[in-house]
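Asker: Structure supplied as query26.pdb; contents: PDB, C-alpha atoms and all ligand atoms.
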```
ATOM      1  CA  MET A   1     144.469 246.632  16.957
ATOM      2  CA  SER A   2     146.293 243.412  16.402
ATOM      3  CA  ALA A   3     149.810 242.120  16.364
ATOM      4  CA  ALA A   4     151.767 238.949  17.002
ATOM      5  CA  GLN A   5     154.827 238.216  19.020
ATOM      6  CA  ASP A   6     157.126 235.454  20.156
ATOM      7  CA  SER A   7     158.893 234.992  23.416
ATOM      8  CA  THR A   8     161.062 232.310  24.951
ATOM      9  CA  ALA A   9     161.845 231.900  28.613
ATOM     10  CA  SER A  10     165.181 230.717  29.921
ATOM     11  CA  THR A  11     163.707 227.358  30.874
ATOM     12  CA  GLY A  12     162.626 226.479  27.370
ATOM     13  CA  VAL A  13     158.869 226.889  26.934
ATOM     14  CA  ARG A  14     158.314 228.969  23.883
ATOM     15  CA  LEU A  15     155.176 231.109  23.587
ATOM     16  CA  SER A  16     153.884 232.657  20.411
ATOM     17  CA  PHE A  17     150.747 234.702  20.523
ATOM     18  CA  GLY A  18     148.382 236.990  18.700
ATOM     19  CA  PHE A  19     145.770 239.446  19.913
ATOM     20  CA  GLY A  20     143.117 241.837  18.723
ATOM     21  CA  THR A  21     140.138 243.856  19.837
ATOM     22  CA  ASP A  22     137.213 245.359  17.968
ATOM     23  CA  ARG A  23     134.489 247.724  19.112
ATOM     24  CA  GLY A  24     131.924 245.648  17.238
ATOM     25  CA  LEU A  25     129.014 246.970  15.208
ATOM     26  CA  ARG A  26     126.601 248.186  17.870
ATOM     27  CA  ARG A  27     128.551 249.714  20.733
ATOM     28  CA  GLU A  28     129.723 253.322  20.827
ATOM     29  CA  LEU A  29     132.826 252.521  22.866
ATOM     30  CA  ASN A  30     135.203 249.645  23.326
ATOM     31  CA  GLU A  31     135.146 248.950  27.065
ATOM     32  CA  ASP A  32     137.308 245.825  26.791
ATOM     33  CA  ALA A  33     140.979 245.958  27.740
ATOM     34  CA  PHE A  34     143.635 243.297  27.497
ATOM     35  CA  LEU A  35     147.258 242.448  27.998
ATOM     36  CA  ALA A  36     149.357 239.973  26.037
ATOM     37  CA  ALA A  37     152.880 239.977  27.447
ATOM     38  CA  ASP A  38     154.662 236.829  28.610
ATOM     39  CA  PRO A  39     153.860 235.470  31.190
ATOM     40  CA  LEU A  40     150.458 237.207  31.535
ATOM     41  CA  PHE A  41     147.578 237.054  29.064
ATOM     42  CA  ALA A  42     144.360 238.657  30.246
ATOM     43  CA  VAL A  43     141.093 240.082  28.938
ATOM     44  CA  ALA A  44     138.924 242.487  30.985
ATOM     45  CA  ASP A  45     135.398 243.519  29.969
ATOM     46  CA  GLY A  46     134.286 246.742  31.595
ATOM     47  CA  MET A  47     130.708 247.550  32.526
ATOM     48  CA  GLY A  48     129.164 250.858  33.491
ATOM     49  CA  GLY A  49     127.929 253.729  31.367
ATOM     50  CA  HIS A  50     129.690 256.782  30.004
ATOM     51  CA  GLU A  51     133.222 255.452  29.767
ATOM     52  CA  ALA A  52     133.223 254.176  33.357
ATOM     53  CA  GLY A  53     133.453 250.592  32.123
ATOM     54  CA  GLU A  54     136.472 251.524  30.083
ATOM     55  CA  VAL A  55     138.103 253.040  33.174
ATOM     56  CA  ALA A  56     137.434 249.862  35.144
ATOM     57  CA  SER A  57     138.801 247.411  32.583
ATOM     58  CA  ARG A  58     141.890 249.533  31.913
ATOM     59  CA  GLU A  59     142.615 249.953  35.607
ATOM     60  CA  CYS A  60     142.347 246.203  36.086
ATOM     61  CA  ILE A  61     144.860 245.467  33.324
ATOM     62  CA  LYS A  62     147.133 248.268  34.506
ATOM     63  CA  THR A  63     147.175 246.905  38.051
ATOM     64  CA  LEU A  64     147.947 243.359  36.922
ATOM     65  CA  SER A  65     150.687 244.525  34.578
ATOM     66  CA  SER A  66     152.372 246.536  37.342
ATOM     67  CA  GLN A  67     153.058 243.440  39.457
ATOM     68  CA  GLY A  68     156.714 242.482  39.063
ATOM     69  CA  VAL A  69     156.032 238.776  39.255
ATOM     70  CA  LEU A  70     153.567 239.028  36.370
ATOM     71  CA  THR A  71     155.963 240.785  34.006
ATOM     72  CA  ALA A  72     159.187 240.456  32.098
ATOM     73  CA  GLY A  73     159.135 236.743  31.374
ATOM     74  CA  SER A  74     158.864 235.772  35.044
ATOM     75  CA  ARG A  75     157.752 232.179  35.713
ATOM     76  CA  ALA A  76     157.510 232.625  39.483
ATOM     77  CA  ALA A  77     153.939 233.867  39.950
ATOM     78  CA  THR A  78     151.632 232.096  42.386
ATOM     79  CA  ALA A  79     147.870 231.982  42.763
ATOM     80  CA  ALA A  80     148.233 233.881  46.043
ATOM     81  CA  GLU A  81     150.113 236.723  44.366
ATOM     82  CA  LEU A  82     147.670 236.847  41.504
ATOM     83  CA  ASP A  83     144.776 236.898  43.944
ATOM     84  CA  HIS A  84     146.428 239.781  45.799
ATOM     85  CA  ALA A  85     146.822 241.723  42.539
ATOM     86  CA  LEU A  86     143.159 241.164  41.636
ATOM     87  CA  ARG A  87     142.067 242.454  45.065
ATOM     88  CA  GLU A  88     144.238 245.515  44.546
ATOM     89  CA  ALA A  89     142.594 246.073  41.156
ATOM     90  CA  ASP A  90     139.173 245.820  42.805
ATOM     91  CA  THR A  91     140.139 248.463  45.375
ATOM     92  CA  ARG A  92     141.579 250.839  42.771
ATOM     93  CA  ILE A  93     138.523 250.569  40.514
ATOM     94  CA  ARG A  94     136.226 251.303  43.460
ATOM     95  CA  GLU A  95     138.291 254.373  44.321
ATOM     96  CA  LEU A  96     138.336 255.620  40.728
ATOM     97  CA  THR A  97     134.653 255.114  39.957
ATOM     98  CA  ASN A  98     132.989 255.230  43.379
ATOM     99  CA  ALA A  99     132.047 251.580  42.820
ATOM    100  CA  ARG A 100     129.786 252.609  39.948
ATOM    101  CA  ALA A 101     131.748 250.615  37.359
ATOM    102  CA  GLY A 102     133.115 247.130  37.268
ATOM    103  CA  THR A 103     135.000 244.715  35.113
ATOM    104  CA  THR A 104     135.331 241.034  34.457
ATOM    105  CA  VAL A 105     138.784 239.578  33.946
ATOM    106  CA  SER A 106     140.026 236.177  32.812
ATOM    107  CA  GLY A 107     143.298 234.805  31.542
ATOM    108  CA  VAL A 108     146.422 232.780  32.192
ATOM    109  CA  VAL A 109     149.835 233.228  33.713
ATOM    110  CA  LEU A 110     152.577 230.827  32.620
ATOM    111  CA  VAL A 111     154.320 229.567  35.742
ATOM    112  CA  GLU A 112     156.976 226.924  36.312
ATOM    113  CA  GLU A 113     157.838 224.725  39.228
ATOM    114  CA  ARG A 114     161.082 222.698  39.081
ATOM    115  CA  GLY A 115     161.144 223.152  35.347
ATOM    116  CA  VAL A 116     157.575 221.920  34.862
ATOM    117  CA  PRO A 117     155.317 224.523  33.259
ATOM    118  CA  TYR A 118     151.706 225.147  34.217
ATOM    119  CA  TRP A 119     148.948 227.454  33.034
ATOM    120  CA  LEU A 120     147.653 229.343  36.064
ATOM    121  CA  VAL A 121     144.139 230.219  34.874
ATOM    122  CA  PHE A 122     142.072 232.844  36.661
ATOM    123  CA  ASN A 123     138.579 234.227  36.337
ATOM    124  CA  VAL A 124     136.164 236.773  37.748
ATOM    125  CA  GLY A 125     132.947 237.189  35.734
ATOM    126  CA  ASP A 126     132.101 235.923  32.243
ATOM    127  CA  SER A 127     135.146 236.567  30.107
ATOM    128  CA  ARG A 128     136.585 233.173  29.255
ATOM    129  CA  THR A 129     139.750 231.103  29.030
ATOM    130  CA  TYR A 130     139.673 228.037  26.775
ATOM    131  CA  ARG A 131     142.340 225.416  26.088
ATOM    132  CA  LEU A 132     142.910 223.325  22.963
ATOM    133  CA  SER A 133     145.261 220.522  24.038
ATOM    134  CA  GLN A 134     146.117 217.308  22.211
ATOM    135  CA  GLY A 135     143.036 217.817  20.038
ATOM    136  CA  SER A 136     140.721 218.307  22.995
ATOM    137  CA  PHE A 137     138.943 221.661  23.294
ATOM    138  CA  SER A 138     137.389 222.865  26.533
ATOM    139  CA  GLN A 139     136.500 225.952  28.501
ATOM    140  CA  VAL A 140     138.782 226.079  31.551
ATOM    141  CA  SER A 141     137.215 229.031  33.345
ATOM    142  CA  VAL A 142     133.678 228.750  34.696
ATOM    143  CA  ASP A 143     131.495 231.819  34.179
ATOM    144  CA  HIS A 144     130.191 233.775  37.129
ATOM    145  CA  SER A 145     126.853 234.505  35.525
ATOM    146  CA  GLU A 146     123.175 233.944  36.096
ATOM    147  CA  VAL A 147     122.879 231.699  33.062
ATOM    148  CA  GLN A 148     125.821 229.557  34.251
ATOM    149  CA  GLU A 149     123.948 229.028  37.516
ATOM    150  CA  LEU A 150     120.859 228.015  35.521
ATOM    151  CA  VAL A 151     122.988 225.601  33.446
ATOM    152  CA  ASP A 152     124.584 224.149  36.589
ATOM    153  CA  ALA A 153     121.140 223.638  38.115
ATOM    154  CA  GLY A 154     119.946 221.849  34.977
ATOM    155  CA  PHE A 155     117.272 224.412  34.101
ATOM    156  CA  ILE A 156     118.726 225.369  30.724
ATOM    157  CA  THR A 157     121.314 223.942  28.320
ATOM    158  CA  PRO A 158     124.555 225.722  27.378
ATOM    159  CA  ALA A 159     123.012 226.369  23.963
ATOM    160  CA  GLU A 160     119.962 228.000  25.540
ATOM    161  CA  ALA A 161     122.277 230.144  27.663
ATOM    162  CA  LEU A 162     123.558 231.778  24.461
ATOM    163  CA  THR A 163     120.173 233.408  23.803
ATOM    164  CA  HIS A 164     118.761 233.648  27.337
ATOM    165  CA  PRO A 165     117.526 237.178  28.198
ATOM    166  CA  ARG A 166     119.606 237.199  31.396
ATOM    167  CA  ARG A 167     122.810 236.084  29.640
ATOM    168  CA  HIS A 168     124.633 239.370  30.286
ATOM    169  CA  VAL A 169     124.125 239.375  34.052
ATOM    170  CA  VAL A 170     127.359 238.525  35.862
ATOM    171  CA  THR A 171     127.368 237.383  39.472
ATOM    172  CA  ARG A 172     130.948 238.439  40.228
ATOM    173  CA  ALA A 173     133.026 241.399  39.050
ATOM    174  CA  LEU A 174     135.864 243.611  40.203
ATOM    175  CA  GLY A 175     135.048 247.157  41.299
ATOM    176  CA  THR A 176     131.336 246.756  41.849
ATOM    177  CA  GLY A 177     128.941 244.511  43.702
ATOM    178  CA  SER A 178     129.671 242.383  46.725
ATOM    179  CA  ASP A 179     131.261 239.306  45.217
ATOM    180  CA  THR A 180     134.703 239.854  43.706
ATOM    181  CA  GLU A 181     136.367 236.526  44.478
ATOM    182  CA  ALA A 182     138.489 235.019  41.709
ATOM    183  CA  ASP A 183     138.667 231.324  40.843
ATOM    184  CA  PHE A 184     141.967 229.692  39.909
ATOM    185  CA  TRP A 185     142.986 226.530  38.083
ATOM    186  CA  LEU A 186     146.439 225.065  37.612
ATOM    187  CA  VAL A 187     146.765 223.101  34.377
ATOM    188  CA  PRO A 188     149.948 221.382  33.116
ATOM    189  CA  VAL A 189     151.221 222.817  29.830
ATOM    190  CA  GLU A 190     151.258 220.185  27.086
ATOM    191  CA  GLU A 191     153.296 220.422  23.923
ATOM    192  CA  GLY A 192     151.285 222.311  21.319
ATOM    193  CA  ASP A 193     148.774 223.723  23.799
ATOM    194  CA  ARG A 194     146.734 226.637  22.478
ATOM    195  CA  ILE A 195     145.050 228.989  24.964
ATOM    196  CA  LEU A 196     142.231 231.350  24.007
ATOM    197  CA  VAL A 197     141.261 234.252  26.270
ATOM    198  CA  CYS A 198     138.260 236.270  25.114
ATOM    199  CA  SER A 199     135.492 238.609  26.141
ATOM    200  CA  ASP A 200     131.831 237.631  25.814
ATOM    201  CA  GLY A 201     131.673 239.615  22.584
ATOM    202  CA  LEU A 202     133.251 236.501  21.071
ATOM    203  CA  SER A 203     131.839 233.641  23.164
ATOM    204  CA  GLY A 204     128.354 235.181  23.285
ATOM    205  CA  GLU A 205     128.290 235.750  19.538
ATOM    206  CA  ILE A 206     129.560 232.455  18.121
ATOM    207  CA  SER A 207     129.391 228.863  19.321
ATOM    208  CA  ASP A 208     132.138 226.883  20.991
ATOM    209  CA  GLU A 209     132.126 224.652  17.893
ATOM    210  CA  GLN A 210     132.932 227.629  15.664
ATOM    211  CA  ILE A 211     135.667 228.703  18.058
ATOM    212  CA  HIS A 212     137.112 225.187  18.142
ATOM    213  CA  ARG A 213     137.120 224.997  14.355
ATOM    214  CA  ALA A 214     139.063 228.244  13.957
ATOM    215  CA  LEU A 215     141.563 227.340  16.655
ATOM    216  CA  GLY A 216     142.002 223.844  15.216
ATOM    217  CA  THR A 217     142.598 224.854  11.628
ATOM    218  CA  LEU A 218     144.553 228.113  11.638
ATOM    219  CA  ARG A 219     148.171 227.482  12.444
ATOM    220  CA  HIS A 220     149.361 230.959  13.317
ATOM    221  CA  PRO A 221     147.842 232.509  16.452
ATOM    222  CA  GLN A 222     147.298 235.906  14.847
ATOM    223  CA  ASP A 223     145.400 234.291  11.958
ATOM    224  CA  ALA A 224     143.168 232.546  14.502
ATOM    225  CA  VAL A 225     142.583 235.844  16.333
ATOM    226  CA  ASP A 226     141.702 237.713  13.136
ATOM    227  CA  SER A 227     139.393 234.953  11.919
ATOM    228  CA  LEU A 228     137.535 234.725  15.228
ATOM    229  CA  ILE A 229     136.964 238.483  15.354
ATOM    230  CA  GLN A 230     135.716 238.521  11.760
ATOM    231  CA  THR A 231     133.356 235.611  12.469
ATOM    232  CA  ALA A 232     131.927 237.406  15.520
ATOM    233  CA  LEU A 233     131.423 240.569  13.468
ATOM    234  CA  ARG A 234     129.640 238.624  10.719
ATOM    235  CA  SER A 235     127.421 237.073  13.388
ATOM    236  CA  GLY A 236     126.248 240.503  14.471
ATOM    237  CA  GLY A 237     129.076 242.082  16.451
ATOM    238  CA  ARG A 238     126.647 243.171  19.177
ATOM    239  CA  ASP A 239     129.377 243.652  21.782
ATOM    240  CA  ASN A 240     133.047 244.578  22.000
ATOM    241  CA  ILE A 241     135.180 241.634  20.877
ATOM    242  CA  THR A 242     138.596 240.905  22.347
ATOM    243  CA  VAL A 243     140.643 237.804  21.542
ATOM    244  CA  VAL A 244     144.073 236.614  22.699
ATOM    245  CA  VAL A 245     145.545 233.325  21.429
ATOM    246  CA  VAL A 246     148.711 231.844  22.986
ATOM    247  CA  ASP A 247     150.609 228.799  21.682
ATOM    248  CA  ALA A 248     153.139 226.842  23.745
ATOM    249  CA  SER A 249     155.953 224.850  22.183
ATOM    250  CA  ASN A 250     159.248 223.275  23.257
ATOM    251  CA  VAL A 251     157.414 222.385  26.460
ATOM    252  CA  HIS A 252     159.518 219.339  27.301
ATOM    253  CA  GLY A 253     162.815 220.555  25.935
ATOM    254  CA  ASN A 254     165.479 222.565  27.693
ATOM    255  CA  ASN A 255     166.395 224.515  24.607
ATOM    256  CA  SER A 256     166.666 228.186  25.286
ATOM    257  CA  GLY A 257     167.569 228.984  21.696
ATOM    258  CA  GLU A 258     165.823 228.583  18.395
ATOM    259  CA  THR A 259     166.969 225.085  17.474
ATOM    260  CA  LEU A 260     166.037 221.729  18.891
ATOM    261  CA  ASN A 261     168.635 219.013  19.309
ATOM    262  CA  THR A 262     167.549 217.115  16.227
ATOM    263  CA  ALA A 263     170.011 214.269  16.907
ATOM    264  CA  GLN A 264     167.721 213.191  19.748
ATOM    265  CA  MET A 265     164.510 213.685  17.842
ATOM    266  CA  PRO A 266     162.993 211.401  15.218
ATOM    267  CA  ARG A 267     162.210 213.074  11.944
ATOM    268  CA  ALA A 268     158.869 214.800  12.120
ATOM    269  CA  GLY A 269     156.959 217.614  10.542
ATOM    270  CA  ALA A 270     157.880 221.011  11.898
ATOM    271  CA  GLU A 271     154.578 221.380  13.735
ATOM    272  CA  ASP A 272     154.224 217.794  14.957
ATOM    273  CA  THR A 273     154.134 217.097  18.643
ATOM    274  CA  LEU A 274     157.657 216.245  19.758
ATOM    275  CA  PRO A 275     158.308 213.226  21.932
ATOM    276  CA  ARG A 276     159.764 213.687  25.368
ATOM    277  CA  MET A 277     163.249 212.375  24.638
ATOM    278  CA  ASP A 278     165.655 214.799  26.234
ATOM    279  CA  PRO A 279     167.215 212.882  29.160
ATOM    280  CA  ALA A 280     167.839 216.151  30.985
ATOM    281  CA  THR A 281     164.110 216.857  31.112
ATOM    282  CA  GLU A 282     162.442 216.121  34.423
ATOM    283  CA  PRO A 283     159.550 213.698  34.421
ATOM    284  CA  VAL A 284     156.205 215.382  34.012
ATOM    285  CA  PRO A 285     153.515 214.651  36.588
ATOM    286  CA  ALA A 286     150.402 212.717  35.706
ATOM    287  CA  GLN A 287     148.413 214.699  33.183
ATOM    288  CA  PRO A 288     144.809 215.286  34.166
ATOM    289  CA  GLN A 289     142.389 215.516  31.267
ATOM    290  CA  ALA A 290     140.377 218.240  32.913
ATOM    291  CA  PRO A 291     141.651 221.256  34.787
ATOM    292  CA  ILE A 292     141.730 220.853  38.538
ATOM    293  CA  PRO A 293     140.941 223.687  40.938
ATOM    294  CA  VAL A 294     144.011 224.783  42.844
ATOM    295  CA  GLU A 295     142.341 224.029  46.155
ATOM    296  CA  VAL A 296     142.171 220.306  45.482
ATOM    297  CA  LEU A 297     145.393 219.836  43.566
ATOM    298  CA  GLU A 298     147.687 218.156  46.037
ATOM    299  CA  SER A 299     150.447 216.992  43.724
ATOM    300  CA  ILE A 300     151.575 220.520  42.978
ATOM    301  CA  PRO A 301     154.514 221.663  45.105
ATOM    302  CA  GLU A 302     153.434 224.126  47.748
ATOM    303  CA  SER A 303     155.752 226.813  46.461
ATOM    304  CA  VAL A 304     153.573 227.169  43.364
ATOM    305  CA  LEU A 305     150.594 228.028  45.509
ATOM    306  CA  SER A 306     152.281 230.245  48.072
ATOM    307  CA  PRO A 307     154.099 233.529  47.561
ATOM    308  CA  ALA A 308     157.631 233.120  46.277
ATOM    309  CA  ALA A 309     160.427 234.050  48.649
ATOM    310  CA  THR A 310     161.888 236.601  46.293
ATOM    311  CA  LEU A 311     160.160 238.553  43.590
ATOM    312  CA  PRO A 312     161.943 240.054  40.613
ATOM    313  CA  GLU A 313     161.946 243.821  40.777
ATOM    314  CA  THR A 314     160.735 245.663  37.733
ATOM    315  CA  SER A 315     159.644 249.193  37.160
ATOM    316  CA  PRO A 316     155.859 249.540  37.582
ATOM    317  CA  ALA A 317     155.947 252.709  35.530
ATOM    318  CA  ALA A 318     157.570 250.959  32.588
ATOM    319  CA  HIS A 319     155.023 248.183  32.627
ATOM    320  CA  ALA A 320     152.102 250.521  33.063
ATOM    321  CA  ALA A 321     153.302 252.355  29.985
ATOM    322  CA  ALA A 322     153.576 249.075  28.114
ATOM    323  CA  ALA A 323     150.082 248.138  29.187
ATOM    324  CA  GLU A 324     148.726 251.487  28.042
ATOM    325  CA  SER A 325     150.247 250.999  24.620
ATOM    326  CA  LEU A 326     148.929 247.458  24.446
ATOM    327  CA  HIS A 327     145.292 248.239  24.894
ATOM    328  CA  GLU A 328     145.100 251.330  22.792
ATOM    329  CA  GLU A 329     142.325 250.722  20.340
ATOM    330  CA  ASN A 330     141.961 251.694  16.772
ATOM    331  CA  HIS A 331     138.495 251.617  15.365
ATOM    332  CA  GLY A 332     139.282 253.155  12.011
TER
HETATM  333 MN    MN B   1     131.198 242.246  26.801
END
```
Would you give me this structure, written as structure tokens?

Answerer:
Amino acid sequence: MSAAQDSTASTGVRLSFGFGTDRGLRRELNEDAFLAADPLFAVADGMGGHEAGEVASRECIKTLSSQGVLTAGSRAATAAELDHALREADTRIRELTNARAGTTVSGVVLVEERGVPYWLVFNVGDSRTYRLSQGSFSQVSVDHSEVQELVDAGFITPAEALTHPRRHVVTRALGTGSDTEADFWLVPVEEGDRILVCSDGLSGEISDEQIHRALGTLRHPQDAVDSLIQTALRSGGRDNITVVVVDASNVHGNNSGETLNTAQMPRAGAEDTLPRMDPATEPVPAQPQAPIPVEVLESIPESVLSPAATLPETSPAAHAAAAESLHEENHG
């Protein structure tokens, strides 16, 4: 399945995104699940035999998508609320599968504080969230896996991790095992930012360099998604492959509509980075080059990190239905 959509929030940041999932060439089932619906973009990779993994990953996405603050173009989500939702997903998966199945999950929520947008990145397990920003490509999430621990300890290189026999062993997951804690990062949104969320069927099959090349050369997010999935299939397609690509534009403008105020903008190519010239735009805080864990980020207003006073009410049933339709798979 694949499709592409656009959405614009009232405060101006415009997201366009593409998504797709493929069973791959070796697996009987597709146990990945995902959601791509502003402001939440997430990929879950289920584990556990006989469809249990599929139950776990779907339940995870369903739980996240039923949280009002994570739906319907909301920009008010906090790390605390997201953490609460992930714990709820863990509980529900344990109940459904008797803790015999689990799932990874990684992704981003677009949040705003005083008109300044941030990517709230989250991760449990070894699905991944990457960011291509101002030409710089990096993995934001840090895997919870045995090979990541070996890399961190200096025993193997990231390249060796790709082929290490223990590369599929995750050290944290929702629904199974003892460690389910999520990590969070809060990263300022830059004009032209491109976020990639994927399962290890992509990142375990092709190199970061190949991923960077596709993201850096294909302008439309759906084209990047389709190309990445095809490349992973050509490389062997040994696992389910799920890819979500999200582009941010109009980051520093206050335009809620389609058109920029060109009188204030120098002439530039349609896709060029736009200068921050709108006098109504608030100053943007210092831009760190690398993502900073929420725990140590002191310059972020507290309200981003703590539960919002009021949450928008939305129908959980409606969003659950939307989530179901989103991760239906079609293997042809
Ligand atoms: Mn996988």

Asker: On this structure, the PyMOL selection byres (((chain A and resi 126) around 7) and not hetatm) would catch which residues? List them as a PDB file with C-alpha atoms, in the coordinates of the input, sorted by chain and number.

Answerer:
```
ATOM      1  CA  THR A 104     135.331 241.034  34.457  1.00  0.00           C
ATOM      2  CA  VAL A 124     136.164 236.773  37.748  1.00  0.00           C
ATOM      3  CA  GLY A 125     132.947 237.189  35.734  1.00  0.00           C
ATOM      4  CA  SER A 127     135.146 236.567  30.107  1.00  0.00           C
ATOM      5  CA  ARG A 128     136.585 233.173  29.255  1.00  0.00           C
ATOM      6  CA  ASP A 143     131.495 231.819  34.179  1.00  0.00           C
ATOM      7  CA  HIS A 144     130.191 233.775  37.129  1.00  0.00           C
ATOM      8  CA  SER A 145     126.853 234.505  35.525  1.00  0.00           C
ATOM      9  CA  VAL A 170     127.359 238.525  35.862  1.00  0.00           C
ATOM     10  CA  ASP A 200     131.831 237.631  25.814  1.00  0.00           C
TER      11      ASP A 200
END
```

Asker: Taking only C-alpha atoms and all ligand atoms into account, which residues have an atom no farther than 12 Å from ligand MN 1 (chain B)? I'd like them as a VMD selection string.

Answerer: chain A and resid 21 to 24 26 to 27 29 to 33 43 to 48 53 to 54 57 102 to 105 125 to 128 167 to 170 198 to 205 237 to 243

Asker: Considering all atoms listed in the file, can you say which of A:Ser16, A:Asp226, A:Glu112, A:Asp90 comes closest to Asp179 of chain A?

Answerer: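 So, comparing all the options, the nearest one is A:Asp90.
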
Asker: Determine the nearest neighbour of Leu215 of chain A from the options A:Ser106, A:Thr157, A:Ser133, A:Ser74, counting all atoms listed in the file.

Answerer: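 Of A:Ser106, A:Thr157, A:Ser133, A:Ser74, the one nearest Leu215 of chain A is A:Ser133, counting all atoms listed in the file.
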
Asker: Which residues would end up in the selection if the PyMOL selection byres (((chain A and resi 19) around 12) and not hetatm) were applied here, given that I need the answer as a ChimeraX atom specification?

Answerer: /A:1-5,16-18,20-22,33-37,41-43,195-198,220-229,241-247,326-327,329

Asker: Here is a test: counting only C-alpha atoms, which residue of A:Ser66, A:Thr231, A:Thr176, A:Gln210 is nearest to Ala101 of chain A?

Answerer: A:Thr176

Asker: May I ask which of the residues A:Leu40, A:Ala214, A:Leu70, A:Leu174 is the closest one to Leu132 of chain A, counting only C-alpha atoms?

Answerer: A:Ala214

Asker: Interatomic distance between atom CA of Leu186 of chain A and atom CA of Arg75 of chain A?

Answerer: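 Between atom CA of Leu186 of chain A and atom CA of Arg75 of chain A the gap is 13.5 Å.
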
Asker: In Å, with one decimal, what is the gap from atom CA of Glu95 of chain A to atom CA of Glu146 of chain A?

Answerer: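 Spanning atom CA of Glu95 of chain A to atom CA of Glu146 of chain A is a straight-line distance of 26.7 Å.
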
Asker: Just to confirm, what's the straight-line distance from atom CA of Ser249 of chain A to atom CA of Gly192 of chain A in Å (one decimal)?

Answerer: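 Those two atoms sit 5.4 Å apart.
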
Asker: Applied to this file, what does the PyMOL selection byres (((chain A and resi 118) around 7) and not hetatm) return in terms of residues, put as a list in words?

Answerer: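 Applied to this file, the PyMOL selection byres (((chain A and resi 118) around 7) and not hetatm) selects Leu110, Val111, Glu112, Val116, Pro117, Trp119, Leu120, Leu186, Val187, Pro188 and Val189 of chain A.
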
Asker: From the list A:Gly135, A:Arg234, A:Asp193, A:Leu218, which residue is nearest Ala248 of chain A when using all atoms listed in the file?

Answerer: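 Nearest to Ala248 of chain A: A:Asp193.
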
Asker: Given only C-alpha atoms as the basis, pick out the residue of A:Leu82, A:Leu15, A:Val121, A:Ile206 nearest to Asn250 of chain A.

Answerer: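 Closest residue, counting only C-alpha atoms: A:Leu15.
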
Asker: Counting only C-alpha atoms, note down every residue that has an atom within 10 Å of the point (145.2, 251.5, 35.7) (file coordinates), as a list in words.

Answerer: Val55, Ala56, Ser57, Arg58, Glu59, Cys60, Ile61, Lys62, Thr63, Leu64, Ser65, Ser66, Ala89, Arg92, Ile93, Leu96, Ala320, Ala321, Ala323 and Glu324 of chain A
